Structure formats: structure tokens, C-alpha cells
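Notes to accompany the following structure.
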Amino acid sequence: MSTVERTAAPAAFEHTHERAVGAGPALPMRLRKLRGHGALVLSWAAPVILVLAWEVLSRAGWLSPQVLPAPSKVLATAVKLARTGSLIQDLGASLLRASAGFAIGGSIAFALGILVGFSRIAEAAIDRSVQMVRAIPFLALLPLVIVWFGVGEAQKIFLVALGVSFPIYINTTLGIRQVDPKLVELGKIQGLGSLQLIRRIILPGALPSILTGVRYALASAWLALVVAETIGAQSGIGFLAMDAREFLRTDVIVLTILIYALIGVAADAIARFLERRLLAWHPNYAVAR
Amino acid sequence: MTLHVPSPPLSISTPSSRAAVVVHDLKRVYGERVVIDGLNLHIERGEFVTLLGESGCGKTTLLRALAGLDPIQGGRVDAPRRPAVVFQEHRLLPWDTLWRNVALGLPTADARERAAAALAEVGLGGRLDDWPRNLSGGQAQRVALARALVQKPELLLLDEPFASLDALTRIRMHDLVRELVSNHRPSVLLVTHDVDEAIALADRILVMRGGAIAFEHRTAGNRAAPLTRTQLLAELGVASPLASGA
């Protein structure tokens with residue numbers, strides 16, 4: 001998903017830029033630059049206008065605050081909740097669950113992925129079962145998870161861990177399989193031992209795929225958390241939303257939705273940052289020089 | 001397969017004390033197909049041997065057997081335990097900088113210094129921290145040569161290392177290889193299908209056919225003699241009238 005997103009954005013930019021150049025090859029530099037900026041301004045104009053229209057409609061009374069509160073009202077609520085400290089507390093609770101689930105699910109899946117990636121015996125023993133379980137949409141397990149763990153922290157962390165583990169496992173095994181056997185052979189010729197082969201050749205070779213797994217896992221973790229927190233939570237962003245629903249506080253509900261979105265964006269930014277740092281050697285990820 | 005390092009006292013006492021590689025009655029089979037059968041080969045210390053042959057005649061198979069990369073089905077291979085190999089593809093690790101590529105497998109203590117010296121020797125001394133993706137084909141092969149020689153191998157195996165380079169770059173690489181080999185004095189086995197390359201570099205040229213060595217020629221003294229070229233092409237199954245015109 002995100003790969004397409006990333007490559008599509010600059011491509012679209014180049015395209016508009018190219019058109020601007022094509023339209024008038026004799027255009028002075030400054031004017032051409034202005035057109036380039038124009039595209040950027042235009043791309044932001046639409047969302048800004050939408051929010052403004054939303055605000056105007058709410059103030060004019062055409063949008064009932066029960067249906068959709070004005071953006072300014074949502075912002076005011078955010079400030080108020082932040083001041084009392086409850087917003088930070090709930091955000092902290094959610095982030096803690098997400099990271100605990102990510103750490104547990106991620107490390108188990110990574111270990112299994114490495115095992116299956118290296119050993120044919122482990123593959124025979126483990127892979128088919130994992131692939132079968134993977135066919136189940138993990139959220140469908142929710143009722144069963146509630147029976148097992150109740151509606152406490154364990155249920156939420158388990159669900160996140162479950163959601164995280166499949167993308168990490170699959171992309172780790174895939175990455176290890178895709179390492180060029182010619183490079184592995186070269187490592188042996190250069191006299192590397194098994195551990196050094198893994199460290200210098202196999203893991204770096206598998207890293208692009210593993211990081212793709214991490215990116216999917218982050219999205220999956222967040223989705224799992226939203227679902228888990230809407231059921232029987234006593235804290236967290238999802239609890240905030242469900243609590244607000246009781247009192248028809250749509251401003252709080254809209255705020256929680258926005259927070260989920262922002263954290264999703266932040267998670268994606270972290271994944272991209274990791275890719276840029278760790279895959280500087282890779283032509284697809286390299287920063288243009 | 002018997003693969004051992006000839007211990008110095010023993011090899012001095014034997015008649016073949018100057019041998020770096022001895023292959024006796026080698027047999028190599030892929031499934032049903034016999035690729036090498038009854039092959040004998042002897043490479044002296046510091047000798048540059050070139051192996052010519054049509055595609056699929058088993059040249060590369062022999063080289064891989066010498067490198068200890070594949071199991072053999074009969075005979076004996078005595079070769080240095082860890083020969084260096086340069087392949088047709090450079091096989092540089094794309095995630096490591098040039099010096100780390102060259103230093104792959106070296107003890108860490110002075111790895112960077114030794115890699116830097118080896119890179120300087122192949123004319124890439126200023127690019128220690130560059131990435132492989134920024135290299136041309138010829139430059140990448142030079143790094144691969146540096147990586148092979150930094151290990152101070154007794155035996156250097158070259159598997160068509162210049163086959164995918166353009167003609168001019170190839171000639172420059174020949175000069176570089178000659179220089180490097182005269183500095184380091186490893187025994188060399190170069191596998192190629194380029195007759196001119198064989199003549200330009202080798203002390204001795206072998207032609208492989210039917211899974212064994214079919215023809216042998218010492219070039220010492222008469223490099224690039226037209227007779228040699230025609231003769232070699234004839235051995236490779238190319239008719240001589242055509243060959244003299246080529």
C-alpha cells in the first residue's frame with residue numbers, strides 16, 4: 001500500500017512539473033517555480049476548503065452538533081481534555097497496549113520467521129499451521145479471545161500481538177528465502193562462519209522485506225487496538241470514544257477518530273524513517289543524491 | 001572428496017613439490033549427465049593457467065570443484081583450502097560500502113587498512129565509503145578482484161570475470177590482472193571462452209572437451225602468435241579459414 005503511495009506522490013509532482021515546462025519552454029524560471037508551488041498549494045487547498053465549509057455549515061446551524069460538531073469545537077475539546085490530563089492518560093494507555101502487543105507479537109513472529117526461513121524441518125513443522133491460521137481474519141477471533149482473557153489488558157495486548165505477528169512472520173520468512181544464494185556462496189568462499197553469514201549477508205538481504213512486514217504490522221496493531229478498546233476498556237482512546245458515546249459527545253468521538261488517524265500517520269512516518277536509515281544502500285529507498 | 005592443505009615439509013619431500021593444484025581422475029555428475037570424467041590437471045605454484053572450452057563443456061564445473069563448492073563423484077582434488085574466486089557477476093553485497101565488501105571475511109583488527117590498500121591497488125582508493133550501486137561494471141569487477149586478493153590466496157580462480165564487460169574495459173582489466181598477479185604471485189586458473197584473453201594472460205592454455213583436458217599449449221615466449229590462435233580455434237571446433245578471417 002504505502003510503497004505505491006510513496007512512489008506515486010513524487011511521480012504526480014514530476015508530471016505536473018513536466019507539463020508546466022512543456023506548456024511554455026520559454027517561461028522564465030521564476031514563473032515555472034510558481035507553477036510548481038501552485039500544484040502544492042492546490043493539493044492543500046481542497047482539504048482546507050472542506051474543513052472551512054464544515055465550520056461554516058456548523059456555525060450556520062445546518063449541521064447539527066449532535067451529528068457533526070464544528071472543527072473549532074473539536075479543537076476546543078482537545079485543548080480542554082489535554083488540560084485536565086485525561087487525554088494524555090488515555091493516549092498513554094493506548095500506546096502502552098500497542099507497544100506491548102507489538103513487542104510480544106513481533107518478537108515471537110520474528111523468531112519463528114527466522115527459524116522457518118533457515119530450517120526446512122522447521123518449515124515442515126510450522127509453516128502450514130501458520131498459513132492455515134492466517135486464513136482467519138484475526139478480528140474474527142475476538143469473541144474467543146474475550147472468553148479466554150476476559151476484557152482486561154491481556155485481551156487487548158493479545159489481540160494486538162496476534163495482528164502484528166502474521167505480517168512480521170510472513171515477511172521475515174519471505175525475506176530470508178529471497179536472499180541471493182550466490183551472495184551466500186560468496187560469503188562461504190570468503191570464509192564466513194554460520195553466524196557471520198547470517199549477520200553480514202542473510203539478515204541484511206532480508207531486511208527490506210522485514211521492514212515491509214513492520215510497516216504492515218504497525219497498521220495491523222492499530223486496527224487491533226481500536227477494536228479491542230471499544231470493548232470493556234477502562235482507559236485508552238477507544239474507552240474515551242465509547243464513554244463519549246454514552247453522553248452523545250460527538251465532539252469527543254470525532255477527536256478520538258482524529259487521534260487514531262494522527263497516530264496511524266505517525267506510525268507510518270516511523271516505518272519510513274527506519275527504511276530510509278537502514279536501507280540507504282537500496283536503490284529503491286535511497287535519498288536522491 | 002579429499003581436500004587438504006599440503007603441509008610444507010611433506011610437499012617438499014614429494015616430487016610434485018611445486019604443485020599448487022593436483023586433480024587426479026576427477027568425475028563430476030549432474031543427475032544422469034556425466035560432465036567431467038577422468039580429468040587430470042596439474043597447476044604449479046605461481047602458474048597462470050587458462051581453461052578454454054565451448055559453453056557447457058564443464059569448465060565452470062571444474063572450477064567449482066577446485067573451489068570446493070560442489071561435491072565430486074570420483075577421483076581426487078588437492079588444492080589450497082581456501083582459494084579466492086571471482087565470478088562473472090561481481091557478487092558485491094549491495095548493503096555494504098566498498099571497503100566493507102573488500103574486508104568481508106578478514107579479521108576485524110586492521111580490516112579497513114587492508115581493504116583500503118587493496119582498493120588503491122585496483123585504482124579505487126578514493127571510494128572506500130561509496131556504495132556498489134554507484135559503480136560501473138568494470139569498477140565492480142575491480143572491487144571483486146580486490147576482495148579476492150586481499151585474502152592473500154595461494155590459488156585464484158577466475159570464472160569468466162570479464163565476459164560481461166565491453167571490449168575496451170576488458171583490455172584494461174587484462175593489464176590490471178597481469179599487474180596484480182605479478183605482485184601477489186598466486187597460482188591462477190582462468191576460465192574463459194575468449195581465445196585472445198587466454199593468449200594475452202596465460203602461461204599455459206588448456207582446452208577442455210568431452211569432460212577432460214583435450215589440448216595443452218605453453219604460451220611462454222610466443223604470445224599472440226597467429227599460429228597459436230588458429231590452432232586454438234581449431235581445437236574449439238571453429239574452422240580455420242573462418243578463424244584466420246576473424
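FYI, nothing fancy with the C-alpha cells labels: chains A, B, ... in order, residues from 1 per chain, ligands from 1 as they appear.
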Distance-based interface of chain B with chain A, 12 Å, counting only C-alpha atoms, as a ChimeraX atom specification
/B:64,66-70,81-98,100-107,129-134,144,147-153,156-157
How would the residues just chosen look if you wrote them out with N, CA and C atoms as a compact mmCIF listing (two decimals), in the first residue's frame?
```
# COMPACT_ATOMS: atom_id res chain seq x y z
N ARG B 64 34.49 -24.93 -9.99
CA ARG B 64 33.73 -25.05 -8.73
C ARG B 64 34.23 -26.23 -7.89
N LEU B 66 37.33 -27.24 -7.85
CA LEU B 66 38.59 -26.78 -7.25
C LEU B 66 38.32 -25.87 -6.05
N ALA B 67 37.26 -25.08 -6.14
CA ALA B 67 36.92 -24.17 -5.05
C ALA B 67 36.28 -24.90 -3.88
N GLY B 68 35.96 -26.18 -4.08
CA GLY B 68 35.31 -26.94 -3.01
C GLY B 68 33.85 -26.58 -2.85
N LEU B 69 33.23 -26.03 -3.91
CA LEU B 69 31.84 -25.57 -3.80
C LEU B 69 30.85 -26.71 -4.05
N ASP B 70 31.25 -27.69 -4.85
CA ASP B 70 30.34 -28.79 -5.17
C ASP B 70 30.98 -30.10 -4.77
N ARG B 81 43.20 -24.86 0.68
CA ARG B 81 41.91 -25.00 1.35
C ARG B 81 40.96 -23.83 1.04
N ARG B 82 41.50 -22.62 1.00
CA ARG B 82 40.58 -21.51 0.75
C ARG B 82 41.03 -20.67 -0.44
N PRO B 83 40.73 -21.13 -1.64
CA PRO B 83 41.07 -20.32 -2.80
C PRO B 83 40.14 -19.11 -2.88
N ALA B 84 40.60 -18.05 -3.54
CA ALA B 84 39.75 -16.90 -3.79
C ALA B 84 39.09 -17.09 -5.15
N VAL B 85 37.85 -16.61 -5.27
CA VAL B 85 37.11 -16.79 -6.52
C VAL B 85 36.54 -15.45 -6.98
N VAL B 86 36.68 -15.16 -8.26
CA VAL B 86 35.97 -14.03 -8.87
C VAL B 86 35.07 -14.60 -9.94
N PHE B 87 33.78 -14.25 -9.86
CA PHE B 87 32.80 -14.81 -10.78
C PHE B 87 32.50 -13.82 -11.91
N GLN B 88 31.67 -14.29 -12.84
CA GLN B 88 31.27 -13.39 -13.92
C GLN B 88 30.48 -12.20 -13.37
N GLU B 89 29.61 -12.46 -12.37
CA GLU B 89 28.93 -11.37 -11.69
C GLU B 89 29.82 -10.92 -10.54
N HIS B 90 29.77 -9.64 -10.21
CA HIS B 90 30.71 -9.15 -9.19
C HIS B 90 30.40 -9.69 -7.80
N ARG B 91 29.12 -10.00 -7.55
CA ARG B 91 28.70 -10.51 -6.24
C ARG B 91 29.13 -9.60 -5.08
N LEU B 92 29.01 -8.31 -5.28
CA LEU B 92 29.25 -7.39 -4.16
C LEU B 92 27.98 -7.31 -3.32
N LEU B 93 28.12 -7.16 -2.02
CA LEU B 93 26.95 -7.02 -1.16
C LEU B 93 26.43 -5.60 -1.30
N PRO B 94 25.20 -5.43 -1.80
CA PRO B 94 24.73 -4.06 -2.07
C PRO B 94 24.57 -3.24 -0.80
N TRP B 95 24.46 -3.90 0.36
CA TRP B 95 24.21 -3.16 1.61
C TRP B 95 25.51 -2.79 2.33
N ASP B 96 26.63 -3.13 1.75
CA ASP B 96 27.89 -2.76 2.40
C ASP B 96 28.68 -1.81 1.51
N THR B 97 29.39 -0.89 2.16
CA THR B 97 30.25 0.03 1.41
C THR B 97 31.40 -0.76 0.78
N LEU B 98 32.14 -0.11 -0.11
CA LEU B 98 33.17 -0.85 -0.85
C LEU B 98 34.21 -1.45 0.08
N ARG B 100 33.93 -2.34 3.16
CA ARG B 100 33.38 -3.48 3.92
C ARG B 100 33.20 -4.70 3.02
N ASN B 101 32.90 -4.47 1.76
CA ASN B 101 32.84 -5.58 0.81
C ASN B 101 34.19 -6.25 0.66
N VAL B 102 35.23 -5.43 0.50
CA VAL B 102 36.57 -5.99 0.31
C VAL B 102 37.02 -6.70 1.58
N ALA B 103 36.62 -6.15 2.73
CA ALA B 103 37.09 -6.70 4.00
C ALA B 103 36.27 -7.92 4.45
N LEU B 104 35.27 -8.32 3.66
CA LEU B 104 34.41 -9.43 4.06
C LEU B 104 35.24 -10.68 4.33
N GLY B 105 35.19 -11.16 5.57
CA GLY B 105 35.92 -12.36 5.93
C GLY B 105 37.30 -12.09 6.51
N LEU B 106 37.75 -10.83 6.50
CA LEU B 106 39.04 -10.51 7.12
C LEU B 106 38.84 -10.37 8.63
N PRO B 107 39.89 -10.68 9.42
CA PRO B 107 39.81 -10.36 10.84
C PRO B 107 39.66 -8.85 11.03
N ASP B 129 34.08 4.49 1.03
CA ASP B 129 32.76 4.54 1.66
C ASP B 129 31.63 4.67 0.65
N ASP B 130 31.96 4.44 -0.62
CA ASP B 130 30.92 4.50 -1.65
C ASP B 130 30.12 3.20 -1.66
N TRP B 131 28.94 3.23 -2.33
CA TRP B 131 28.09 2.04 -2.42
C TRP B 131 28.31 1.33 -3.76
N PRO B 132 28.15 0.00 -3.78
CA PRO B 132 28.32 -0.75 -5.03
C PRO B 132 27.43 -0.25 -6.17
N ARG B 133 26.23 0.26 -5.83
CA ARG B 133 25.32 0.65 -6.91
C ARG B 133 25.85 1.84 -7.70
N ASN B 134 26.84 2.55 -7.17
CA ASN B 134 27.39 3.68 -7.91
C ASN B 134 28.55 3.29 -8.83
N ALA B 144 35.75 -6.67 -6.92
CA ALA B 144 35.71 -8.13 -6.69
C ALA B 144 37.13 -8.71 -6.71
N ARG B 147 38.76 -7.79 -3.45
CA ARG B 147 38.23 -8.64 -2.38
C ARG B 147 38.88 -10.03 -2.41
N ALA B 148 39.16 -10.53 -3.63
CA ALA B 148 39.79 -11.84 -3.74
C ALA B 148 41.25 -11.78 -3.28
N LEU B 149 41.96 -10.74 -3.69
CA LEU B 149 43.41 -10.71 -3.44
C LEU B 149 43.76 -10.28 -2.03
N VAL B 150 42.85 -9.55 -1.37
CA VAL B 150 43.15 -9.08 -0.02
C VAL B 150 43.29 -10.27 0.94
N GLN B 151 42.74 -11.42 0.54
CA GLN B 151 42.83 -12.62 1.37
C GLN B 151 44.17 -13.32 1.21
N LYS B 152 45.04 -12.79 0.34
CA LYS B 152 46.33 -13.40 0.04
C LYS B 152 46.19 -14.88 -0.28
N PRO B 153 45.40 -15.19 -1.33
CA PRO B 153 45.15 -16.60 -1.64
C PRO B 153 46.36 -17.25 -2.31
N LEU B 156 44.02 -18.47 -7.08
CA LEU B 156 42.99 -17.53 -7.51
C LEU B 156 42.21 -18.16 -8.66
N LEU B 157 40.90 -18.30 -8.48
CA LEU B 157 40.05 -18.90 -9.51
C LEU B 157 39.21 -17.80 -10.14
```
Which residues are near region 120-127 of chain B? Cut-off 8 Å, only C-alpha atoms, ignore same chain within fewer than 3 positions. Put them as number ranges by chain.
B: 98, 116-117, 130, 139, 142-143, 145-146, 176, 180
Judged by only C-alpha atoms, the minimum distance to Leu248 (chain A) among A:Leu274, A:Ala82, A:Val67, A:Leu40 is found for A:Val67
Please provide the set of residues having any atom within 10 Å of Ser187 (chain B), restricted to only C-alpha atoms, with same-chain residues fewer than 6 positions apart removed, written as an MDAnalysis selection string.
chainID B and resid 19:21 43:49 83 153:157 181
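Across the model, the gap from CA of Gly113 (chain A) to CA of Ala125 (chain A) is 12.5 Å.
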Spatial neighbours of Ile126 (chain A), max dist 10 Å, only C-alpha atoms, sep filter under 4 positions, as a list in words
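That gives Leu112, Gly113, Leu115, Val116, Arg120, Ile121, Ala122, Val130 and Gln131 of chain A.
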Write out as a compact mmCIF listing (two decimals) with N, CA and C atoms, in the first residue's frame the residues lying within 8 Å of Asp90 (chain A), counting only C-alpha atoms and excluding same-chain residues fewer than 3 positions away.
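Contents of selection_4.txt, as written:
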```
# COMPACT_ATOMS: atom_id res chain seq x y z
N SER A 86 -6.61 14.02 31.16
CA SER A 86 -7.22 12.72 30.85
C SER A 86 -6.87 12.26 29.44
N LEU A 87 -6.70 13.23 28.52
CA LEU A 87 -6.39 12.86 27.15
C LEU A 87 -5.02 12.19 27.09
N ALA A 93 -2.24 5.08 27.77
CA ALA A 93 -2.72 3.71 27.95
C ALA A 93 -2.79 2.98 26.62
N SER A 94 -3.29 3.68 25.59
CA SER A 94 -3.39 3.06 24.26
C SER A 94 -2.02 2.73 23.70
N SER A 235 -9.78 2.54 30.15
CA SER A 235 -8.91 3.66 29.79
C SER A 235 -8.54 3.49 28.32
N GLY A 236 -7.92 4.50 27.76
CA GLY A 236 -7.49 4.42 26.37
C GLY A 236 -8.35 5.26 25.46
N ILE A 237 -7.86 5.47 24.25
CA ILE A 237 -8.57 6.32 23.29
C ILE A 237 -9.93 5.71 22.95
N PHE A 239 -11.74 3.77 24.85
CA PHE A 239 -12.61 3.98 26.01
C PHE A 239 -13.18 5.40 25.99
N LEU A 240 -12.33 6.36 25.66
CA LEU A 240 -12.75 7.75 25.58
C LEU A 240 -13.91 7.89 24.59
```
Hey, what's within 8 Å of region 144-158 of chain A if we count only C-alpha atoms and toss same-chain stuff fewer than 5 positions away? As JSON, numbers by chain, please?
{"A": [97, 98, 100, 101, 224, 225, 228, 229, 231, 232, 233]}
Please produce an output containing C-alpha atoms for each residue in the selection, written as a compact mmCIF listing (two decimals), in the first residue's frame.
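Saved as out_5.txt:
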```txt
# COMPACT_ATOMS: atom_id res chain seq x y z
CA ARG A 97 -1.00 -1.55 24.87
CA ALA A 98 0.06 -1.11 21.27
CA ALA A 100 3.43 -4.21 24.46
CA GLY A 101 1.43 -6.16 21.87
CA ALA A 224 -6.48 -4.39 16.57
CA LEU A 225 -6.25 -1.78 19.28
CA ALA A 228 -10.05 -4.19 21.40
CA GLU A 229 -10.53 -0.87 23.14
CA ILE A 231 -14.98 -3.47 24.30
CA GLY A 232 -14.84 -3.19 28.05
CA ALA A 233 -11.96 -0.78 28.38
```
Using only C-alpha atoms, determine which residues lie at most 10 Å from Gln66 (chain A), disregarding the query and same-chain residues fewer than 3 positions distant; provide the list as a PDB file with N, CA and C atoms, in the first residue's frame.
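Final file, selection.pdb:
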```
ATOM      1  N   LEU A  63     -25.566  22.059  10.189  1.00  0.00           N
ATOM      2  CA  LEU A  63     -25.063  20.764  10.656  1.00  0.00           C
ATOM      3  C   LEU A  63     -25.319  20.689  12.149  1.00  0.00           C
ATOM      4  N   PRO A  69     -19.917  17.927  15.102  1.00  0.00           N
ATOM      5  CA  PRO A  69     -19.585  19.214  15.711  1.00  0.00           C
ATOM      6  C   PRO A  69     -18.588  19.982  14.850  1.00  0.00           C
ATOM      7  N   LEU A 248     -23.493  11.221  24.189  1.00  0.00           N
ATOM      8  CA  LEU A 248     -23.675  11.863  22.889  1.00  0.00           C
ATOM      9  C   LEU A 248     -22.694  13.006  22.659  1.00  0.00           C
ATOM     10  N   ARG A 249     -21.474  12.833  23.177  1.00  0.00           N
ATOM     11  CA  ARG A 249     -20.469  13.883  22.976  1.00  0.00           C
ATOM     12  C   ARG A 249     -19.757  13.634  21.641  1.00  0.00           C
ATOM     13  N   THR A 250     -20.398  14.032  20.555  1.00  0.00           N
ATOM     14  CA  THR A 250     -19.797  13.765  19.244  1.00  0.00           C
ATOM     15  C   THR A 250     -18.463  14.485  19.074  1.00  0.00           C
ATOM     16  N   ASP A 251     -18.294  15.611  19.757  1.00  0.00           N
ATOM     17  CA  ASP A 251     -17.001  16.316  19.633  1.00  0.00           C
ATOM     18  C   ASP A 251     -15.854  15.433  20.118  1.00  0.00           C
TER      19      ASP A 251
END
```
Please give the complete set of residues from region 202-255 of chain A that DSSP, run on the backbone, assigns to alpha helix (DSSP H), formatted as number ranges by chain.
A: 203-229, 237-246, 250-255
Any chance you could export the current selection's N, CA and C atoms as a compact mmCIF listing (two decimals), in the first residue's frame?
```
# COMPACT_ATOMS: atom_id res chain seq x y z
N LEU A 203 20.58 -11.56 7.02
CA LEU A 203 19.68 -10.57 7.60
C LEU A 203 19.65 -9.26 6.81
N PRO A 204 20.81 -8.72 6.40
CA PRO A 204 20.72 -7.50 5.57
C PRO A 204 19.94 -7.73 4.28
N GLY A 205 20.10 -8.93 3.70
CA GLY A 205 19.39 -9.22 2.46
C GLY A 205 17.89 -9.32 2.68
N ALA A 206 17.51 -9.77 3.88
CA ALA A 206 16.08 -9.95 4.18
C ALA A 206 15.45 -8.67 4.71
N LEU A 207 16.28 -7.70 5.05
CA LEU A 207 15.79 -6.51 5.75
C LEU A 207 14.70 -5.73 5.01
N PRO A 208 14.83 -5.50 3.70
CA PRO A 208 13.75 -4.76 3.03
C PRO A 208 12.40 -5.42 3.25
N SER A 209 12.36 -6.74 3.12
CA SER A 209 11.11 -7.47 3.30
C SER A 209 10.64 -7.40 4.75
N ILE A 210 11.58 -7.53 5.70
CA ILE A 210 11.22 -7.48 7.11
C ILE A 210 10.61 -6.11 7.46
N LEU A 211 11.20 -5.06 6.91
CA LEU A 211 10.68 -3.72 7.20
C LEU A 211 9.30 -3.49 6.58
N THR A 212 9.06 -4.10 5.43
CA THR A 212 7.71 -4.06 4.87
C THR A 212 6.75 -4.72 5.85
N GLY A 213 7.18 -5.84 6.43
CA GLY A 213 6.37 -6.52 7.44
C GLY A 213 6.09 -5.62 8.63
N VAL A 214 7.10 -4.89 9.08
CA VAL A 214 6.95 -3.99 10.22
C VAL A 214 5.90 -2.92 9.91
N ARG A 215 5.96 -2.42 8.68
CA ARG A 215 5.03 -1.36 8.30
C ARG A 215 3.58 -1.89 8.32
N TYR A 216 3.37 -3.07 7.74
CA TYR A 216 2.03 -3.66 7.77
C TYR A 216 1.61 -3.97 9.20
N ALA A 217 2.58 -4.42 10.00
CA ALA A 217 2.29 -4.79 11.38
C ALA A 217 1.85 -3.57 12.18
N LEU A 218 2.46 -2.42 11.91
CA LEU A 218 2.06 -1.20 12.63
C LEU A 218 0.60 -0.86 12.34
N ALA A 219 0.25 -0.94 11.07
CA ALA A 219 -1.15 -0.66 10.69
C ALA A 219 -2.08 -1.67 11.36
N SER A 220 -1.65 -2.94 11.35
CA SER A 220 -2.46 -4.00 11.91
C SER A 220 -2.61 -3.85 13.42
N ALA A 221 -1.54 -3.44 14.08
CA ALA A 221 -1.57 -3.24 15.53
C ALA A 221 -2.60 -2.18 15.89
N TRP A 222 -2.62 -1.14 15.12
CA TRP A 222 -3.51 -0.03 15.41
C TRP A 222 -4.96 -0.43 15.24
N LEU A 223 -5.21 -1.18 14.15
CA LEU A 223 -6.57 -1.67 13.90
C LEU A 223 -7.03 -2.57 15.05
N ALA A 224 -6.15 -3.47 15.48
CA ALA A 224 -6.48 -4.39 16.57
C ALA A 224 -6.81 -3.61 17.83
N LEU A 225 -6.05 -2.56 18.07
CA LEU A 225 -6.25 -1.78 19.28
C LEU A 225 -7.61 -1.07 19.27
N VAL A 226 -7.96 -0.50 18.14
CA VAL A 226 -9.25 0.20 18.03
C VAL A 226 -10.38 -0.76 18.40
N VAL A 227 -10.32 -1.95 17.80
CA VAL A 227 -11.38 -2.93 18.06
C VAL A 227 -11.36 -3.37 19.52
N ALA A 228 -10.16 -3.68 20.03
CA ALA A 228 -10.05 -4.19 21.40
C ALA A 228 -10.51 -3.16 22.42
N GLU A 229 -10.23 -1.90 22.15
CA GLU A 229 -10.53 -0.87 23.14
C GLU A 229 -12.00 -0.45 23.16
N ILE A 237 -7.86 5.47 24.25
CA ILE A 237 -8.57 6.32 23.29
C ILE A 237 -9.93 5.71 22.95
N GLY A 238 -9.96 4.38 22.81
CA GLY A 238 -11.21 3.71 22.48
C GLY A 238 -12.23 3.86 23.60
N PHE A 239 -11.74 3.77 24.85
CA PHE A 239 -12.61 3.98 26.01
C PHE A 239 -13.18 5.40 25.99
N LEU A 240 -12.33 6.36 25.66
CA LEU A 240 -12.75 7.75 25.58
C LEU A 240 -13.91 7.89 24.59
N ALA A 241 -13.77 7.21 23.47
CA ALA A 241 -14.81 7.28 22.43
C ALA A 241 -16.12 6.64 22.91
N MET A 242 -16.02 5.45 23.52
CA MET A 242 -17.22 4.75 23.95
C MET A 242 -17.91 5.49 25.09
N ASP A 243 -17.08 6.08 25.98
CA ASP A 243 -17.62 6.86 27.07
C ASP A 243 -18.38 8.08 26.53
N ALA A 244 -17.80 8.72 25.53
CA ALA A 244 -18.42 9.90 24.94
C ALA A 244 -19.73 9.54 24.25
N ARG A 245 -19.79 8.34 23.70
CA ARG A 245 -21.00 7.90 23.02
C ARG A 245 -22.19 7.88 23.98
N GLU A 246 -21.92 7.44 25.24
CA GLU A 246 -22.95 7.38 26.26
C GLU A 246 -23.62 8.74 26.45
N THR A 250 -20.40 14.03 20.56
CA THR A 250 -19.80 13.76 19.24
C THR A 250 -18.46 14.49 19.07
N ASP A 251 -18.29 15.61 19.76
CA ASP A 251 -17.00 16.32 19.63
C ASP A 251 -15.85 15.43 20.12
N VAL A 252 -16.08 14.72 21.24
CA VAL A 252 -15.04 13.83 21.76
C VAL A 252 -14.83 12.64 20.81
N ILE A 253 -15.93 12.12 20.28
CA ILE A 253 -15.82 10.98 19.37
C ILE A 253 -14.99 11.36 18.14
N VAL A 254 -15.35 12.52 17.55
CA VAL A 254 -14.59 12.97 16.37
C VAL A 254 -13.12 13.16 16.75
N LEU A 255 -12.87 13.69 17.94
CA LEU A 255 -11.49 13.89 18.38
C LEU A 255 -10.73 12.56 18.44
```
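The coordinates place CA of Ile136 (chain A) at 16.7 Å from CA of Gly105 (chain A).
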